[in-house]
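**Q** Attaching a single structure in structure tokens format; questions to follow.
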Amino acid sequence: MTPAEQQFRAELVNLLPRLRRFARALARHREDADDLVQAALERALTRREQWTPGTRLDSWMFKIINNAWIDEVRSRARRDALFAPEEEGEGVGAPQAGSPVDAIAVRRAMALLNDDQRAAVGLVLVEGLPYKEAAEVLGIPIGTLTSRLARAREQLQAALADAAGGAEAAR
């Protein structure tokens, strides 16, 4: 294995937590997300020559994951399969101590978003990609990305406000 190949593989390994987090945002289910990451890694390793060294590997991998997810959704629609419901208690990312928002409430709020909004939120708000790169990963104009984010933020704020109100009433 060449040093360049070793470096490429090492960078992929370093990206795994972020890839899993984005896949979980898309797929909603841990096992589906793991399968999605595995498929994306396989595609990346077999098509390594399509990546341009010096460009962002994370953006390239996010695009592969997004495309793999689109393929999976289309395949499931053809098979008329149902998505597995989100399981309670599974986190997308590591919970932060002292967080004012309950992690389960955030997962429930994310589950209310449509697939396009979840993908936009996953790339921009969770992974921190610039709008331009996120739009390129998703294959949409930047204006479409910003409108999806705006609608997603409104929905998330409303859902989290409702969850916070319910938690206060329970005390």
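Chain labels follow the order of the structure tokens: the first chain is A, the next B, and so on; residue numbering restarts at 1 in every chain, and ligands are counted from 1 in their shown order.
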Which residues come within 12 Å of segment 64-70 of chain A, counting only C-alpha atoms, excluding same-chain residues fewer than 3 positions away, as a VMD selection string?

**A** chain A and resid 16 18 to 28 32 to 45 47 to 48 50 to 51 57 to 61 73 to 77 115 to 116 118 to 120 122 to 123 134 to 139

**Q** Dump N, CA and C atoms for the selected residues as a short mmCIF file (atom, residue, chain, number, x, y, z; two decimals), in the first residue's frame?

**A**
data_model
loop_
_atom_site.label_atom_id
_atom_site.label_comp_id
_atom_site.auth_asym_id
_atom_site.auth_seq_id
_atom_site.Cartn_x
_atom_site.Cartn_y
_atom_site.Cartn_z
N LEU A 16 -14.87 8.96 10.54
CA LEU A 16 -15.95 8.03 10.88
C LEU A 16 -16.99 8.59 11.85
N ARG A 18 -18.02 11.63 12.35
CA ARG A 18 -18.84 12.62 11.65
C ARG A 18 -19.71 11.96 10.59
N LEU A 19 -19.17 10.96 9.90
CA LEU A 19 -19.95 10.25 8.89
C LEU A 19 -21.12 9.52 9.53
N ARG A 20 -20.86 8.87 10.67
CA ARG A 20 -21.94 8.17 11.37
C ARG A 20 -23.01 9.15 11.84
N ARG A 21 -22.59 10.30 12.35
CA ARG A 21 -23.54 11.29 12.85
C ARG A 21 -24.43 11.78 11.71
N PHE A 22 -23.83 12.07 10.56
CA PHE A 22 -24.63 12.54 9.41
C PHE A 22 -25.56 11.43 8.93
N ALA A 23 -25.05 10.21 8.86
CA ALA A 23 -25.89 9.08 8.42
C ALA A 23 -27.05 8.87 9.38
N ARG A 24 -26.81 9.04 10.69
CA ARG A 24 -27.89 8.90 11.67
C ARG A 24 -28.93 9.99 11.49
N ALA A 25 -28.48 11.20 11.13
CA ALA A 25 -29.44 12.29 10.89
C ALA A 25 -30.32 11.96 9.69
N LEU A 26 -29.76 11.31 8.69
CA LEU A 26 -30.54 10.96 7.50
C LEU A 26 -31.44 9.75 7.76
N ALA A 27 -30.86 8.70 8.31
CA ALA A 27 -31.56 7.42 8.38
C ALA A 27 -32.45 7.25 9.59
N ARG A 28 -32.19 8.00 10.68
CA ARG A 28 -32.98 7.95 11.91
C ARG A 28 -32.78 6.66 12.72
N ASP A 32 -29.52 1.25 10.16
CA ASP A 32 -29.57 1.79 8.81
C ASP A 32 -28.41 2.76 8.57
N ALA A 33 -28.11 3.57 9.57
CA ALA A 33 -27.01 4.53 9.46
C ALA A 33 -25.67 3.81 9.32
N ASP A 34 -25.48 2.75 10.10
CA ASP A 34 -24.24 1.99 10.01
C ASP A 34 -24.09 1.36 8.63
N ASP A 35 -25.18 0.83 8.09
CA ASP A 35 -25.15 0.26 6.74
C ASP A 35 -24.82 1.33 5.71
N LEU A 36 -25.38 2.51 5.92
CA LEU A 36 -25.14 3.63 5.01
C LEU A 36 -23.67 4.04 5.02
N VAL A 37 -23.09 4.13 6.20
CA VAL A 37 -21.66 4.48 6.31
C VAL A 37 -20.81 3.41 5.66
N GLN A 38 -21.15 2.16 5.89
CA GLN A 38 -20.38 1.06 5.29
C GLN A 38 -20.44 1.14 3.77
N ALA A 39 -21.62 1.37 3.22
CA ALA A 39 -21.75 1.48 1.76
C ALA A 39 -20.95 2.66 1.23
N ALA A 40 -20.98 3.78 1.95
CA ALA A 40 -20.24 4.96 1.51
C ALA A 40 -18.73 4.72 1.56
N LEU A 41 -18.27 4.05 2.61
CA LEU A 41 -16.83 3.76 2.70
C LEU A 41 -16.40 2.81 1.58
N GLU A 42 -17.24 1.85 1.29
CA GLU A 42 -16.92 0.93 0.19
C GLU A 42 -16.82 1.69 -1.13
N ARG A 43 -17.78 2.57 -1.37
CA ARG A 43 -17.75 3.37 -2.60
C ARG A 43 -16.50 4.24 -2.65
N ALA A 44 -16.17 4.85 -1.52
CA ALA A 44 -14.99 5.74 -1.49
C ALA A 44 -13.71 4.97 -1.75
N LEU A 45 -13.58 3.79 -1.16
CA LEU A 45 -12.36 3.01 -1.34
C LEU A 45 -12.24 2.46 -2.76
N ARG A 47 -13.54 3.86 -5.42
CA ARG A 47 -13.51 4.98 -6.38
C ARG A 47 -12.59 6.09 -5.90
N ARG A 48 -11.55 5.73 -5.20
CA ARG A 48 -10.63 6.70 -4.62
C ARG A 48 -10.09 7.68 -5.65
N GLN A 50 -11.53 9.14 -7.91
CA GLN A 50 -12.47 10.22 -8.21
C GLN A 50 -12.33 11.39 -7.24
N TRP A 51 -11.69 11.16 -6.11
CA TRP A 51 -11.46 12.26 -5.16
C TRP A 51 -10.21 13.01 -5.57
N LEU A 57 -12.06 16.16 1.92
CA LEU A 57 -12.50 14.77 1.93
C LEU A 57 -13.84 14.64 2.62
N ASP A 58 -14.09 15.44 3.67
CA ASP A 58 -15.36 15.32 4.39
C ASP A 58 -16.54 15.66 3.49
N SER A 59 -16.42 16.71 2.69
CA SER A 59 -17.51 17.07 1.77
C SER A 59 -17.76 15.98 0.75
N TRP A 60 -16.68 15.40 0.23
CA TRP A 60 -16.81 14.31 -0.74
C TRP A 60 -17.53 13.13 -0.11
N MET A 61 -17.16 12.79 1.13
CA MET A 61 -17.79 11.65 1.81
C MET A 61 -19.25 11.94 2.15
N VAL A 73 -33.45 5.04 -0.27
CA VAL A 73 -34.85 5.46 -0.17
C VAL A 73 -35.62 5.05 -1.42
N ARG A 74 -35.02 5.24 -2.57
CA ARG A 74 -35.67 4.84 -3.82
C ARG A 74 -35.87 3.33 -3.86
N SER A 75 -34.86 2.60 -3.41
CA SER A 75 -34.96 1.15 -3.41
C SER A 75 -36.07 0.68 -2.47
N ARG A 76 -36.14 1.30 -1.30
CA ARG A 76 -37.20 0.92 -0.35
C ARG A 76 -38.58 1.26 -0.88
N ALA A 77 -38.68 2.38 -1.57
CA ALA A 77 -39.98 2.76 -2.13
C ALA A 77 -40.42 1.74 -3.17
N ASP A 115 -36.97 14.58 5.17
CA ASP A 115 -35.63 14.10 4.85
C ASP A 115 -34.72 15.23 4.36
N ASP A 116 -35.24 16.11 3.51
CA ASP A 116 -34.43 17.20 2.98
C ASP A 116 -33.98 18.14 4.09
N ARG A 118 -33.70 17.41 7.35
CA ARG A 118 -32.75 16.72 8.22
C ARG A 118 -31.36 16.69 7.62
N ALA A 119 -31.28 16.48 6.30
CA ALA A 119 -29.97 16.46 5.65
C ALA A 119 -29.31 17.83 5.74
N ALA A 120 -30.08 18.89 5.51
CA ALA A 120 -29.53 20.25 5.60
C ALA A 120 -29.06 20.55 7.02
N GLY A 122 -28.23 18.39 9.33
CA GLY A 122 -27.10 17.53 9.63
C GLY A 122 -25.78 18.07 9.10
N LEU A 123 -25.81 18.59 7.88
CA LEU A 123 -24.57 19.10 7.29
C LEU A 123 -24.16 20.46 7.84
N ALA A 134 -22.38 22.57 1.67
CA ALA A 134 -23.55 21.74 1.97
C ALA A 134 -24.48 21.68 0.77
N ALA A 135 -24.67 22.81 0.11
CA ALA A 135 -25.52 22.85 -1.09
C ALA A 135 -24.93 21.95 -2.18
N GLU A 136 -23.60 21.98 -2.34
CA GLU A 136 -22.96 21.13 -3.34
C GLU A 136 -23.11 19.65 -2.98
N VAL A 137 -22.96 19.32 -1.69
CA VAL A 137 -23.11 17.93 -1.26
C VAL A 137 -24.51 17.43 -1.58
N LEU A 138 -25.51 18.26 -1.33
CA LEU A 138 -26.90 17.86 -1.55
C LEU A 138 -27.34 18.03 -3.00
N GLY A 139 -26.52 18.72 -3.80
CA GLY A 139 -26.86 18.92 -5.21
C GLY A 139 -28.02 19.88 -5.40
#

**Q** What is the atom CA of Ser147 of chain A to atom CA of Tyr131 of chain A distance in Å?

**A** 11.3 Å

**Q** Give me, as a short mmCIF file (atom, residue, chain, number, x, y, z; two decimals) with N, CA and C atoms, in the first residue's frame, the residues of chain A that a backbone DSSP run labels helix (DSSP H, G or I).

**A**
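Written out: states_25.cif:
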data_model
loop_
_atom_site.label_atom_id
_atom_site.label_comp_id
_atom_site.auth_asym_id
_atom_site.auth_seq_id
_atom_site.Cartn_x
_atom_site.Cartn_y
_atom_site.Cartn_z
N PRO A 3 2.08 5.24 0.47
CA PRO A 3 1.86 6.21 1.55
C PRO A 3 0.60 7.07 1.32
N ALA A 4 0.32 7.39 0.07
CA ALA A 4 -0.88 8.18 -0.23
C ALA A 4 -2.14 7.40 0.12
N GLU A 5 -2.13 6.10 -0.18
CA GLU A 5 -3.27 5.24 0.14
C GLU A 5 -3.43 5.12 1.66
N GLN A 6 -2.32 4.97 2.36
CA GLN A 6 -2.37 4.90 3.82
C GLN A 6 -2.93 6.19 4.41
N GLN A 7 -2.50 7.34 3.88
CA GLN A 7 -2.98 8.63 4.36
C GLN A 7 -4.49 8.78 4.10
N PHE A 8 -4.91 8.37 2.91
CA PHE A 8 -6.33 8.43 2.56
C PHE A 8 -7.16 7.60 3.53
N ARG A 9 -6.73 6.39 3.80
CA ARG A 9 -7.46 5.51 4.72
C ARG A 9 -7.47 6.07 6.14
N ALA A 10 -6.35 6.66 6.55
CA ALA A 10 -6.28 7.26 7.90
C ALA A 10 -7.25 8.42 8.01
N GLU A 11 -7.35 9.23 6.97
CA GLU A 11 -8.29 10.36 6.99
C GLU A 11 -9.73 9.86 7.04
N LEU A 12 -10.02 8.76 6.33
CA LEU A 12 -11.36 8.18 6.39
C LEU A 12 -11.69 7.71 7.80
N VAL A 13 -10.74 7.08 8.44
CA VAL A 13 -10.96 6.61 9.82
C VAL A 13 -11.24 7.79 10.74
N ASN A 14 -10.51 8.89 10.57
CA ASN A 14 -10.74 10.07 11.40
C ASN A 14 -12.12 10.69 11.16
N LEU A 15 -12.66 10.50 9.98
CA LEU A 15 -13.98 11.05 9.63
C LEU A 15 -15.14 10.19 10.13
N LEU A 16 -14.87 8.96 10.54
CA LEU A 16 -15.95 8.03 10.88
C LEU A 16 -16.99 8.59 11.85
N PRO A 17 -16.62 9.24 12.96
CA PRO A 17 -17.66 9.76 13.85
C PRO A 17 -18.58 10.77 13.16
N ARG A 18 -18.02 11.63 12.35
CA ARG A 18 -18.84 12.62 11.65
C ARG A 18 -19.71 11.96 10.59
N LEU A 19 -19.17 10.96 9.90
CA LEU A 19 -19.95 10.25 8.89
C LEU A 19 -21.12 9.52 9.53
N ARG A 20 -20.86 8.87 10.67
CA ARG A 20 -21.94 8.17 11.37
C ARG A 20 -23.01 9.15 11.84
N ARG A 21 -22.59 10.30 12.35
CA ARG A 21 -23.54 11.29 12.85
C ARG A 21 -24.43 11.78 11.71
N PHE A 22 -23.83 12.07 10.56
CA PHE A 22 -24.63 12.54 9.41
C PHE A 22 -25.56 11.43 8.93
N ALA A 23 -25.05 10.21 8.86
CA ALA A 23 -25.89 9.08 8.42
C ALA A 23 -27.05 8.87 9.38
N ARG A 24 -26.81 9.04 10.69
CA ARG A 24 -27.89 8.90 11.67
C ARG A 24 -28.93 9.99 11.49
N ALA A 25 -28.48 11.20 11.13
CA ALA A 25 -29.44 12.29 10.89
C ALA A 25 -30.32 11.96 9.69
N LEU A 26 -29.76 11.31 8.69
CA LEU A 26 -30.54 10.96 7.50
C LEU A 26 -31.44 9.75 7.76
N ALA A 27 -30.86 8.70 8.31
CA ALA A 27 -31.56 7.42 8.38
C ALA A 27 -32.45 7.25 9.59
N ARG A 30 -30.13 3.53 13.92
CA ARG A 30 -28.70 3.24 14.06
C ARG A 30 -28.22 2.20 13.05
N GLU A 31 -28.93 1.11 12.90
CA GLU A 31 -28.48 0.05 12.00
C GLU A 31 -28.49 0.51 10.55
N ASP A 32 -29.52 1.25 10.16
CA ASP A 32 -29.57 1.79 8.81
C ASP A 32 -28.41 2.76 8.57
N ALA A 33 -28.11 3.57 9.57
CA ALA A 33 -27.01 4.53 9.46
C ALA A 33 -25.67 3.81 9.32
N ASP A 34 -25.48 2.75 10.10
CA ASP A 34 -24.24 1.99 10.01
C ASP A 34 -24.09 1.36 8.63
N ASP A 35 -25.18 0.83 8.09
CA ASP A 35 -25.15 0.26 6.74
C ASP A 35 -24.82 1.33 5.71
N LEU A 36 -25.38 2.51 5.92
CA LEU A 36 -25.14 3.63 5.01
C LEU A 36 -23.67 4.04 5.02
N VAL A 37 -23.09 4.13 6.20
CA VAL A 37 -21.66 4.48 6.31
C VAL A 37 -20.81 3.41 5.66
N GLN A 38 -21.15 2.16 5.89
CA GLN A 38 -20.38 1.06 5.29
C GLN A 38 -20.44 1.14 3.77
N ALA A 39 -21.62 1.37 3.22
CA ALA A 39 -21.75 1.48 1.76
C ALA A 39 -20.95 2.66 1.23
N ALA A 40 -20.98 3.78 1.95
CA ALA A 40 -20.24 4.96 1.51
C ALA A 40 -18.73 4.72 1.56
N LEU A 41 -18.27 4.05 2.61
CA LEU A 41 -16.83 3.76 2.70
C LEU A 41 -16.40 2.81 1.58
N GLU A 42 -17.24 1.85 1.29
CA GLU A 42 -16.92 0.93 0.19
C GLU A 42 -16.82 1.69 -1.13
N ARG A 43 -17.78 2.57 -1.37
CA ARG A 43 -17.75 3.37 -2.60
C ARG A 43 -16.50 4.24 -2.65
N ALA A 44 -16.17 4.85 -1.52
CA ALA A 44 -14.99 5.74 -1.49
C ALA A 44 -13.71 4.97 -1.75
N LEU A 45 -13.58 3.79 -1.16
CA LEU A 45 -12.36 3.01 -1.34
C LEU A 45 -12.24 2.46 -2.76
N THR A 46 -13.35 2.09 -3.36
CA THR A 46 -13.28 1.55 -4.72
C THR A 46 -13.17 2.64 -5.78
N ARG A 48 -11.55 5.73 -5.20
CA ARG A 48 -10.63 6.70 -4.62
C ARG A 48 -10.09 7.68 -5.65
N GLU A 49 -9.88 7.20 -6.87
CA GLU A 49 -9.32 8.06 -7.92
C GLU A 49 -10.26 9.21 -8.30
N GLN A 50 -11.53 9.14 -7.91
CA GLN A 50 -12.47 10.22 -8.21
C GLN A 50 -12.33 11.39 -7.24
N LEU A 57 -12.06 16.16 1.92
CA LEU A 57 -12.50 14.77 1.93
C LEU A 57 -13.84 14.64 2.62
N ASP A 58 -14.09 15.44 3.67
CA ASP A 58 -15.36 15.32 4.39
C ASP A 58 -16.54 15.66 3.49
N SER A 59 -16.42 16.71 2.69
CA SER A 59 -17.51 17.07 1.77
C SER A 59 -17.76 15.98 0.75
N TRP A 60 -16.68 15.40 0.23
CA TRP A 60 -16.81 14.31 -0.74
C TRP A 60 -17.53 13.13 -0.11
N MET A 61 -17.16 12.79 1.13
CA MET A 61 -17.79 11.65 1.81
C MET A 61 -19.25 11.94 2.15
N PHE A 62 -19.56 13.18 2.58
CA PHE A 62 -20.95 13.53 2.87
C PHE A 62 -21.80 13.40 1.61
N LYS A 63 -21.25 13.78 0.47
CA LYS A 63 -21.98 13.66 -0.79
C LYS A 63 -22.23 12.19 -1.12
N ILE A 64 -21.22 11.35 -0.89
CA ILE A 64 -21.39 9.91 -1.14
C ILE A 64 -22.47 9.35 -0.23
N ILE A 65 -22.46 9.74 1.04
CA ILE A 65 -23.48 9.25 1.98
C ILE A 65 -24.87 9.72 1.55
N ASN A 66 -24.98 11.00 1.18
CA ASN A 66 -26.27 11.52 0.75
C ASN A 66 -26.77 10.76 -0.48
N ASN A 67 -25.90 10.52 -1.45
CA ASN A 67 -26.30 9.79 -2.65
C ASN A 67 -26.66 8.35 -2.33
N ALA A 68 -25.92 7.73 -1.43
CA ALA A 68 -26.24 6.36 -1.02
C ALA A 68 -27.61 6.32 -0.34
N TRP A 69 -27.90 7.35 0.46
CA TRP A 69 -29.20 7.40 1.13
C TRP A 69 -30.33 7.58 0.12
N ILE A 70 -30.13 8.43 -0.86
CA ILE A 70 -31.14 8.61 -1.91
C ILE A 70 -31.38 7.28 -2.62
N ASP A 71 -30.31 6.57 -2.94
CA ASP A 71 -30.45 5.25 -3.57
C ASP A 71 -31.26 4.30 -2.69
N GLU A 72 -30.96 4.31 -1.39
CA GLU A 72 -31.65 3.42 -0.45
C GLU A 72 -33.14 3.77 -0.35
N VAL A 73 -33.45 5.04 -0.27
CA VAL A 73 -34.85 5.46 -0.17
C VAL A 73 -35.62 5.05 -1.42
N ARG A 74 -35.02 5.24 -2.57
CA ARG A 74 -35.67 4.84 -3.82
C ARG A 74 -35.87 3.33 -3.86
N SER A 75 -34.86 2.60 -3.41
CA SER A 75 -34.96 1.15 -3.41
C SER A 75 -36.07 0.68 -2.47
N ARG A 76 -36.14 1.30 -1.30
CA ARG A 76 -37.20 0.92 -0.35
C ARG A 76 -38.58 1.26 -0.88
N ALA A 77 -38.68 2.38 -1.57
CA ALA A 77 -39.98 2.76 -2.13
C ALA A 77 -40.42 1.74 -3.17
N ARG A 78 -39.45 1.27 -3.96
CA ARG A 78 -39.79 0.26 -4.96
C ARG A 78 -40.21 -1.05 -4.30
N ARG A 79 -39.59 -1.38 -3.20
CA ARG A 79 -39.95 -2.62 -2.49
C ARG A 79 -41.15 -2.42 -1.59
N ALA A 103 -31.80 15.71 25.32
CA ALA A 103 -31.37 15.05 24.09
C ALA A 103 -32.51 14.28 23.43
N ILE A 104 -33.36 13.68 24.22
CA ILE A 104 -34.50 12.94 23.63
C ILE A 104 -35.45 13.90 22.94
N ALA A 105 -35.65 15.07 23.51
CA ALA A 105 -36.52 16.07 22.88
C ALA A 105 -35.93 16.52 21.54
N VAL A 106 -34.62 16.65 21.48
CA VAL A 106 -33.97 17.06 20.23
C VAL A 106 -34.16 15.97 19.18
N ARG A 107 -33.96 14.70 19.57
CA ARG A 107 -34.16 13.61 18.61
C ARG A 107 -35.61 13.57 18.12
N ARG A 108 -36.54 13.77 19.02
CA ARG A 108 -37.95 13.78 18.60
C ARG A 108 -38.23 14.94 17.66
N ALA A 109 -37.66 16.10 17.96
CA ALA A 109 -37.85 17.26 17.09
C ALA A 109 -37.23 17.02 15.72
N MET A 110 -36.05 16.41 15.68
CA MET A 110 -35.40 16.10 14.40
C MET A 110 -36.23 15.10 13.59
N ALA A 111 -36.88 14.18 14.29
CA ALA A 111 -37.69 13.18 13.60
C ALA A 111 -38.90 13.80 12.90
N LEU A 112 -39.31 14.99 13.35
CA LEU A 112 -40.44 15.66 12.73
C LEU A 112 -40.08 16.33 11.41
N ASP A 115 -36.97 14.58 5.17
CA ASP A 115 -35.63 14.10 4.85
C ASP A 115 -34.72 15.23 4.36
N ASP A 116 -35.24 16.11 3.51
CA ASP A 116 -34.43 17.20 2.98
C ASP A 116 -33.98 18.14 4.09
N GLN A 117 -34.87 18.46 5.01
CA GLN A 117 -34.53 19.36 6.10
C GLN A 117 -33.52 18.70 7.05
N ARG A 118 -33.70 17.41 7.35
CA ARG A 118 -32.75 16.72 8.22
C ARG A 118 -31.36 16.69 7.62
N ALA A 119 -31.28 16.48 6.30
CA ALA A 119 -29.97 16.46 5.65
C ALA A 119 -29.31 17.83 5.74
N ALA A 120 -30.08 18.89 5.51
CA ALA A 120 -29.53 20.25 5.60
C ALA A 120 -29.06 20.55 7.02
N VAL A 121 -29.88 20.23 8.00
CA VAL A 121 -29.51 20.46 9.40
C VAL A 121 -28.28 19.64 9.76
N GLY A 122 -28.23 18.39 9.33
CA GLY A 122 -27.10 17.53 9.63
C GLY A 122 -25.78 18.07 9.10
N LEU A 123 -25.81 18.59 7.88
CA LEU A 123 -24.57 19.10 7.29
C LEU A 123 -24.16 20.46 7.84
N VAL A 124 -25.12 21.38 7.96
CA VAL A 124 -24.77 22.76 8.33
C VAL A 124 -24.70 22.94 9.85
N LEU A 125 -25.74 22.54 10.56
CA LEU A 125 -25.80 22.80 11.99
C LEU A 125 -25.03 21.78 12.82
N VAL A 126 -25.00 20.53 12.39
CA VAL A 126 -24.31 19.52 13.17
C VAL A 126 -22.86 19.39 12.72
N TYR A 131 -22.46 26.87 3.95
CA TYR A 131 -23.67 26.71 3.13
C TYR A 131 -23.33 26.26 1.71
N LYS A 132 -22.31 26.87 1.11
CA LYS A 132 -21.96 26.54 -0.27
C LYS A 132 -21.61 25.07 -0.41
N GLU A 133 -20.78 24.55 0.50
CA GLU A 133 -20.38 23.15 0.43
C GLU A 133 -21.56 22.22 0.71
N ALA A 134 -22.38 22.57 1.67
CA ALA A 134 -23.55 21.74 1.97
C ALA A 134 -24.48 21.68 0.77
N ALA A 135 -24.67 22.81 0.11
CA ALA A 135 -25.52 22.85 -1.09
C ALA A 135 -24.93 21.95 -2.18
N GLU A 136 -23.60 21.98 -2.34
CA GLU A 136 -22.96 21.13 -3.34
C GLU A 136 -23.11 19.65 -2.98
N VAL A 137 -22.96 19.32 -1.69
CA VAL A 137 -23.11 17.93 -1.26
C VAL A 137 -24.51 17.43 -1.58
N LEU A 138 -25.51 18.26 -1.33
CA LEU A 138 -26.90 17.86 -1.55
C LEU A 138 -27.34 18.03 -3.00
N ILE A 142 -27.92 27.10 -3.39
CA ILE A 142 -27.72 27.60 -2.03
C ILE A 142 -28.99 28.23 -1.47
N GLY A 143 -29.81 28.85 -2.32
CA GLY A 143 -31.08 29.42 -1.86
C GLY A 143 -32.04 28.36 -1.35
N THR A 144 -32.05 27.22 -2.01
CA THR A 144 -32.89 26.12 -1.56
C THR A 144 -32.41 25.61 -0.20
N LEU A 145 -31.09 25.54 -0.04
CA LEU A 145 -30.54 25.11 1.24
C LEU A 145 -30.94 26.07 2.35
N THR A 146 -30.81 27.36 2.11
CA THR A 146 -31.15 28.33 3.16
C THR A 146 -32.62 28.28 3.51
N SER A 147 -33.49 28.08 2.52
CA SER A 147 -34.91 28.00 2.85
C SER A 147 -35.23 26.72 3.63
N ARG A 148 -34.57 25.62 3.30
CA ARG A 148 -34.77 24.37 4.06
C ARG A 148 -34.31 24.56 5.50
N LEU A 149 -33.17 25.21 5.66
CA LEU A 149 -32.66 25.46 7.01
C LEU A 149 -33.60 26.36 7.80
N ALA A 150 -34.11 27.40 7.16
CA ALA A 150 -35.02 28.32 7.85
C ALA A 150 -36.28 27.59 8.32
N ARG A 151 -36.87 26.80 7.43
CA ARG A 151 -38.07 26.04 7.82
C ARG A 151 -37.74 25.01 8.90
N ALA A 152 -36.59 24.36 8.79
CA ALA A 152 -36.19 23.37 9.78
C ALA A 152 -35.98 24.02 11.14
N ARG A 153 -35.32 25.18 11.17
CA ARG A 153 -35.09 25.87 12.43
C ARG A 153 -36.42 26.26 13.09
N GLU A 154 -37.35 26.75 12.29
CA GLU A 154 -38.67 27.11 12.83
C GLU A 154 -39.35 25.90 13.45
N GLN A 155 -39.33 24.78 12.72
CA GLN A 155 -39.96 23.56 13.23
C GLN A 155 -39.26 23.06 14.49
N LEU A 156 -37.92 23.10 14.48
CA LEU A 156 -37.18 22.63 15.65
C LEU A 156 -37.47 23.51 16.86
N GLN A 157 -37.47 24.83 16.66
CA GLN A 157 -37.75 25.74 17.77
C GLN A 157 -39.14 25.51 18.34
N ALA A 158 -40.11 25.33 17.46
CA ALA A 158 -41.48 25.11 17.92
C ALA A 158 -41.59 23.78 18.68
N ALA A 159 -40.98 22.74 18.13
CA ALA A 159 -41.05 21.43 18.78
C ALA A 159 -40.33 21.44 20.12
N LEU A 160 -39.17 22.10 20.19
CA LEU A 160 -38.42 22.16 21.44
C LEU A 160 -39.12 23.04 22.46
N ALA A 161 -39.80 24.10 22.01
CA ALA A 161 -40.55 24.94 22.93
C ALA A 161 -41.72 24.14 23.52
N ASP A 162 -42.37 23.34 22.69
CA ASP A 162 -43.46 22.48 23.18
C ASP A 162 -42.93 21.46 24.17
N ALA A 163 -41.76 20.88 23.87
CA ALA A 163 -41.17 19.88 24.76
C ALA A 163 -40.78 20.53 26.09
N ALA A 164 -40.23 21.74 26.04
CA ALA A 164 -39.84 22.43 27.27
C ALA A 164 -41.08 22.79 28.10
N GLY A 165 -42.13 23.19 27.42
CA GLY A 165 -43.38 23.50 28.12
C GLY A 165 -43.97 22.28 28.80
N GLY A 166 -43.89 21.13 28.13
CA GLY A 166 -44.38 19.89 28.71
C GLY A 166 -43.55 19.45 29.90
N ALA A 167 -42.25 19.70 29.82
CA ALA A 167 -41.36 19.32 30.93
C ALA A 167 -41.62 20.20 32.15
N GLU A 168 -41.89 21.46 31.93
CA GLU A 168 -42.19 22.39 33.03
C GLU A 168 -43.50 22.00 33.68
N ALA A 169 -44.48 21.60 32.88
CA ALA A 169 -45.78 21.21 33.43
C ALA A 169 -45.68 19.93 34.26
N ALA A 170 -44.72 19.07 33.88
CA ALA A 170 -44.57 17.80 34.60
C ALA A 170 -43.93 18.00 35.97
#
